[in-house]
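One structure below.
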Amino acid sequence: MISEQPLQIPIIDIEPFLLDVDLKKKQQVALQIHEACTKVGFFYVTGHGMQQKQSQGILELAKQFFSLSQEEKDMISINNNDFARGYQKLNQNKTYGVTDYQEGLDFFAKVDENHTLKKRGLITLSGENQYPKQLQNFKQLFEEYVVEMRKIGKMIMHGIAMSLNLNQDFFDQFMDDSFWAMRMIGYPPLSTDDGSISCGEHTDYGCLTILNTDDTTGALQIQTKSGEWVDANPIPGAFVVNIGDMINIWTNDMYKSTLHRVIHTHDSFRISIPFFFEPSYDTIVKPLKECVKLTGNKTIHEPVMYGDHLFKMISTHFDTSIGK
């Protein structure tokens, strides 16, 4: 059921980490992040430093892409590449085996010849990002946006580190070579009576998700601890942030990723762009001893290599038969 209670997702101003000058103010932000991660798993961030022209510009770019003809979009299908980087048409994306009513365009960090994927001879994820040739400035605007999102992700991870009483740069060792990912998602309106869903309920399987979305309300929903669904409506100038399964592991479930879903029934075509700020592909993620101590001295999770976890999830995420 949908909760009728007021939205309880915190709004956190991370400007102290942008300015990087006032330790006391950073500590205050870290306390807010701790509160959000223990109680909600989601929060809004303001004071992140990205200009509205850039955040809105990337949404407009995605809108232009999804407005292309089906034939033009299919030219950069994931089926033509590595089954992960590129375009997926309607009904090609699946969440835990359930078909989502959306189309998407996916990008990942660059893979060189010395990368683990290449050394293992794997095809999935080992290709190159694809860009629509019809949109001349697409690649440049996309790459500029990724640079800024990595900066924002690093600031938030500094806040998370301090919220765990660690040095603010603790996670840099894992994140500086981030195997980041980004999706441009287009959601047509759902029929209200056919039982379909825009994106099925799930937790994010990485580290940190930073969401930029258009002004559509009543689409993104998060599940409270009591099982109710609460709308996470967009706030102008803010990004929606949620923690993923890797944070679960690092914190030994002190911070818990939250189930969320998308049900878009408005008449508009909704645009959503999540940026996934992740560890390096080869990072071994395991419960931090500081967090184990704070959660009863019992290790809940076994160590996992982030790339192995990602590869397993991506390999079942798309129905590649649909693009043929």
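Labels used: A, B, ... for chains in the order of the structure tokens, numbers from 1 for residues in each chain, and numbers from 1 for ligands as shown.
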| said: I'd like the contact shell of Lys298 in chain A - 12 Å cut-off, only C-alpha atoms, skipping same-chain residues fewer than 4 positions apart - returned as a PyMOL selection string. | reply: chain A and resi 251-254+287-294+302
So that I can see what lies close to Pro10 in chain A, please list as a ChimeraX atom specification the residues with an atom at most 7 Å from it, counting only C-alpha atoms and leaving out residues fewer than 5 positions away in the same chain. /A:36,43-44
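Non-sequential neighbours of Phe108 in chain A (distance at most 10 Å, separation of 5 or more positions within a chain, only C-alpha atoms) are Ala84, Arg85, Gly86, Leu125, Ser126, Gly127, Glu128, Asn129, Ser178, Phe179, Trp180, Ala181, Met182, Arg183, Phe275 and Phe276 of chain A.
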>> Which residues are close to Cys199 in chain A, i.e. within 6 Å by only C-alpha atoms, leaving aside same-chain residues fewer than 3 positions away? Reply as JSON, numbers by chain.
In response: {"A": [100, 261, 262]}
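For the residues A:Gly244, A:Pro132, A:Gly200, A:Pro16, ranking by smallest atom-to-atom distance to Gln64 in chain A using only C-alpha atoms places A:Pro132 first.
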As an mmCIF file with C-alpha atoms, in the first residue's frame, please: the residues near range 218-220 of chain A (cut-off 10 Å, only C-alpha atoms, same-chain neighbours under 2 positions excluded).
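selection_26.cif, freshly written:
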data_model
loop_
_atom_site.group_PDB
_atom_site.id
_atom_site.type_symbol
_atom_site.label_atom_id
_atom_site.label_comp_id
_atom_site.auth_asym_id
_atom_site.auth_seq_id
_atom_site.Cartn_x
_atom_site.Cartn_y
_atom_site.Cartn_z
ATOM 1 C CA TYR A 187 9.387 5.439 -19.023
ATOM 2 C CA SER A 198 7.808 0.516 -14.900
ATOM 3 C CA CYS A 199 10.605 -0.964 -12.786
ATOM 4 C CA THR A 213 15.155 12.889 -12.887
ATOM 5 C CA ASP A 215 9.814 16.747 -12.525
ATOM 6 C CA THR A 216 7.392 13.803 -12.716
ATOM 7 C CA ILE A 222 10.630 3.467 -1.619
ATOM 8 C CA TRP A 229 5.457 2.544 -0.173
ATOM 9 C CA VAL A 230 6.379 6.241 -0.024
ATOM 10 C CA ASP A 231 6.791 8.527 -3.037
ATOM 11 C CA ALA A 232 10.288 9.976 -3.514
ATOM 12 C CA ASN A 233 9.250 12.982 -5.555
ATOM 13 C CA PRO A 234 11.885 15.170 -7.215
ATOM 14 C CA HIS A 260 12.360 0.748 -4.309
ATOM 15 C CA ARG A 261 10.337 0.601 -7.524
ATOM 16 C CA VAL A 262 8.905 2.808 -10.268
ATOM 17 C CA ILE A 263 5.211 2.971 -11.190
ATOM 18 C CA HIS A 264 4.682 5.719 -13.762
ATOM 19 C CA THR A 265 1.022 6.262 -14.646
ATOM 20 C CA HIS A 266 1.068 9.925 -15.683
ATOM 21 C CA ARG A 270 9.347 10.182 -17.812
ATOM 22 C CA SER A 272 15.379 9.291 -15.232
#
| request: Would you mind listing what lies within 9 Å of range 56-61 of chain A as an MDAnalysis selection string, with only C-alpha atoms counted and same-chain residues fewer than 3 positions away left out? | output: chainID A and resid 51:53 64:66 135 138 141:142 145 184 212:214 271:273
Find the nearest atom pair between each residue of range 144-256 of chain A and range 32-35 of chain A for residues within 9 Å, count only C-alpha atoms, give distances in Å to one decimal, sort rows by chain and ascending number, and present the table as a Markdown table.
| residue | atom | partner | partner_atom | distance |
| --- | --- | --- | --- | --- |
| A:Ile156 | CA | A:Ile33 | CA | 8.8 |
| A:Gly159 | CA | A:Ile33 | CA | 6.9 |
| A:Ile160 | CA | A:Ile33 | CA | 6.5 |
| A:Met162 | CA | A:His34 | CA | 8.9 |
| A:Ser163 | CA | A:His34 | CA | 5.3 |
| A:Leu164 | CA | A:His34 | CA | 7.5 |
| A:Tyr255 | CA | A:His34 | CA | 8.1 |
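From CA of Ile152 in chain A back to CA of Val45 in chain A, the distance works out to 9.6 Å.
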